[in-house]
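Written out below as structure tokens is the structure these notes cover.
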Amino acid sequence: MERAPDAPIFDPAAFRLTEQEAELTARAREFGQKVLAPRAARWDREASFPTENYQDMHREGLLGICIPKEDGGLGAGFRAYCLTAAELGRYCGATALTWNMHVCSTLWTGALTEDLEMDAVTRAEHRLRRRQHYERILKDGAVYSQPFSEGGAAAAGTVAFGTTARRVQGGFVVNGKKIFASLAGHADYYGILATEQHDDHKLSRRDTLYLAVPANAAGVTVEGDWDPLGMRGTVSRNLVFRDVFVEEDAALMPPGLYHQAATRWPHMFLTLSPTYMGLAQAAYDFTVAYLRGEWPGTPPVKRRMYPTKQIAVAEMRVMLEQTKALWFQAITEAGPDPSKEQVLRAWAAQHTVMENANALAAKAVRTCGGQSMLKSLPLERIYRDSRCGSLMLPWTAELCIDRLGRDCLYEKGETDT
Ligand SMILES: Cc1cc2nc3c(=O)[nH]c(=O)nc-3n(C[C@H](O)[C@H](O)[C@H](O)COP(=O)(O)OP(=O)(O)OC[C@H]3O[C@@H](n4cnc5c(N)ncnc54)[C@H](O)[C@@H]3O)c2cc1C
């Protein structure tokens with residue numbers, strides 16, 4: 001028995017999606033259901049990288065989803081990307097999450113930088129430079145990753161990155177270590193954040209550089225094993241950079257621009273949430289199909305007539321609708337220089353998606369019962385993958401609560417002394 005095509009997470013008419021959003025989400029859903037879903041168990045079992053998925057996504061044009069149209073891409077903006085990514089996340093969390101790292105390398109350097117301040121010369125140079133990266137992606141299917149985390153406080157945004165880039169003739173020399181580097185050993189370029197090192201200055205967050213280090217550059221090594229609870233196909237091993245020379249053109253943003261982006265366009269950090277929005281929907285979809293006795297590969301036993309099941313599904317539906325509504329509002333109002341209210345809402349949305357995806361999956365296991373959590377079915381993978389959402393820096397569930405609590409009670413500059 002094959003599953004019927006899934007309904008959209010966000011119905012285009014009900015949520016008033018644009019034509020482009022409706023088209024992209026429909027494509028992603030069909031691709032996800034047909035191509036990603038049947039392979040997802042393999043990446044999870046092996047903790048191996050979904051290389052075939054990337055080859056297929058290249059063919060589908062999905063690697064260039066956020067590359068501006070004038071540069072040959074599909075030109076999706078922030079919301080169109082988030083909605084499309086959620087559809088993929090329903091079918092393979094690890095593919096959607098790693099695809100997010102890749103796509104953000106183009107979204108942040110593309111549409112997002114158009115909202116930031118640069119002088120005309122810098123902007124012209126940036127546009128030329130990013131085009132080289134975009135061409136590699138569109139023509140050769142090059143894959144970019146985003147290894148930012150270092151195990152200290154830098155990825156949370158509180159101190160400068162310890163990975164350094166020293167300016168030399170024709171480029172930079174990079175030294176440092178990144179942990180949890182999704183796509184390690186599989187991306188063609190590692191889009192790292194490094195602090196530009198000035199001889200006489202302390203490292204400063206304002207000097208953050210965003211550089212695309214070729215995976216085959218001398219001095220780049222992948223270290224450590226990878227055998228985690230969930231999101232196993234992300235292959236997030238450690239990356240070490242020892243005196244790695246990168247050319248000037250490796251800069252994905254001009255100096256100082258990443259800091260401007262992080263402070264003026266904070267919704268950029270909401271881009272880790274779409275995968276988990278998709279997983280939340282997947283947990284609900286599984287539960288409904290399973291209780292109706294319609295999940296392929298399971299006996300056609302109906303369990304929907306029990307009041308306990310009906311109550312559980314009703315509660316799941318309430319949680320799913322709450323999650324969708326808040327997230328949709330937050331991704332809709334993303335943009336430069338948001339108001340304080342909008343930033344608070346973005347943190348609340350991130351927290352809600354990340355926590356509720358796992359809460360829904362946990363409830364799905366409890367409601368569907370023992371047979372539903374066998375490895376032959378996707379629910380237990382959804383449960384494990386969704387557990388990872390609240391750990392993702394810089395907007396972990398804890399940090400969202402920390403910032404919300406403080407900023408709900410204090411206005412800028414206020415103290416109690
Ligand atoms: C599946 C997966 C894939 C990942 N892929 C990538 C990737 O591609 N690139 C990348 O850069 N990172 C990636 N990460 C890393 C992730 O974003 C975190 O950096 C990583 O989980 C940090 O783990 P840690 O135990 O060192 O966290 P710690 O830094 O020790 O933090 C532990 C917890 O303490 C809290 N905390 C941290 N700092 C503060 C603070 N200043 N104030 C208050 N509370 C704080 C947070 O809630 C955090 O969850 C990935 C993580 C996972 C799980």
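Chain labels follow the order of the structure tokens: the first chain is A, the next B, and so on; residue numbering restarts at 1 in every chain, and ligands are counted from 1 in their shown order.
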
* Environment of ligand 1 within 8 Å, counting only C-alpha atoms and all ligand atoms, reported as a count of residues only -> 44

| query | So which residues touch Met373 of chain A within 12 Å, counting only C-alpha atoms, skipping near sequence neighbours fewer than 5 positions away, as a ChimeraX atom specification? | reply | /A:283,286-287,290,298,361-368,378-384

**Request:** Might you pull out every residue within 10 Å of segment 119-134 of chain A, with only C-alpha atoms counted and same-chain residues fewer than 3 positions away left off, and present them as an MDAnalysis selection string?
**Result:** chainID A and resid 63:64 66:68 70:73 105:106 109:110 113:114 116 137:144 189 212 248:255

Practice prompt. Mind the document's chain letters and residue numbers, and return as a ChimeraX atom specification the residues of segment 4-194 of chain A that DSSP labels helix (DSSP H, G or I).
Written response: /A:19-46,51-59,62-64,69-71,78-89,93-114,120-140

Practice problem: Tell me which protein, DNA and RNA residues are within 10 Å of Leu377 of chain A, counting only C-alpha atoms, leaving out same-chain ones fewer than 6 positions away, and put them as a ChimeraX atom specification. | Solution: /A:41,286,295-298,371

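A straight line drawn from atom CA of His351 of chain A to atom CA of Cys400 of chain A is 6.2 Å long.
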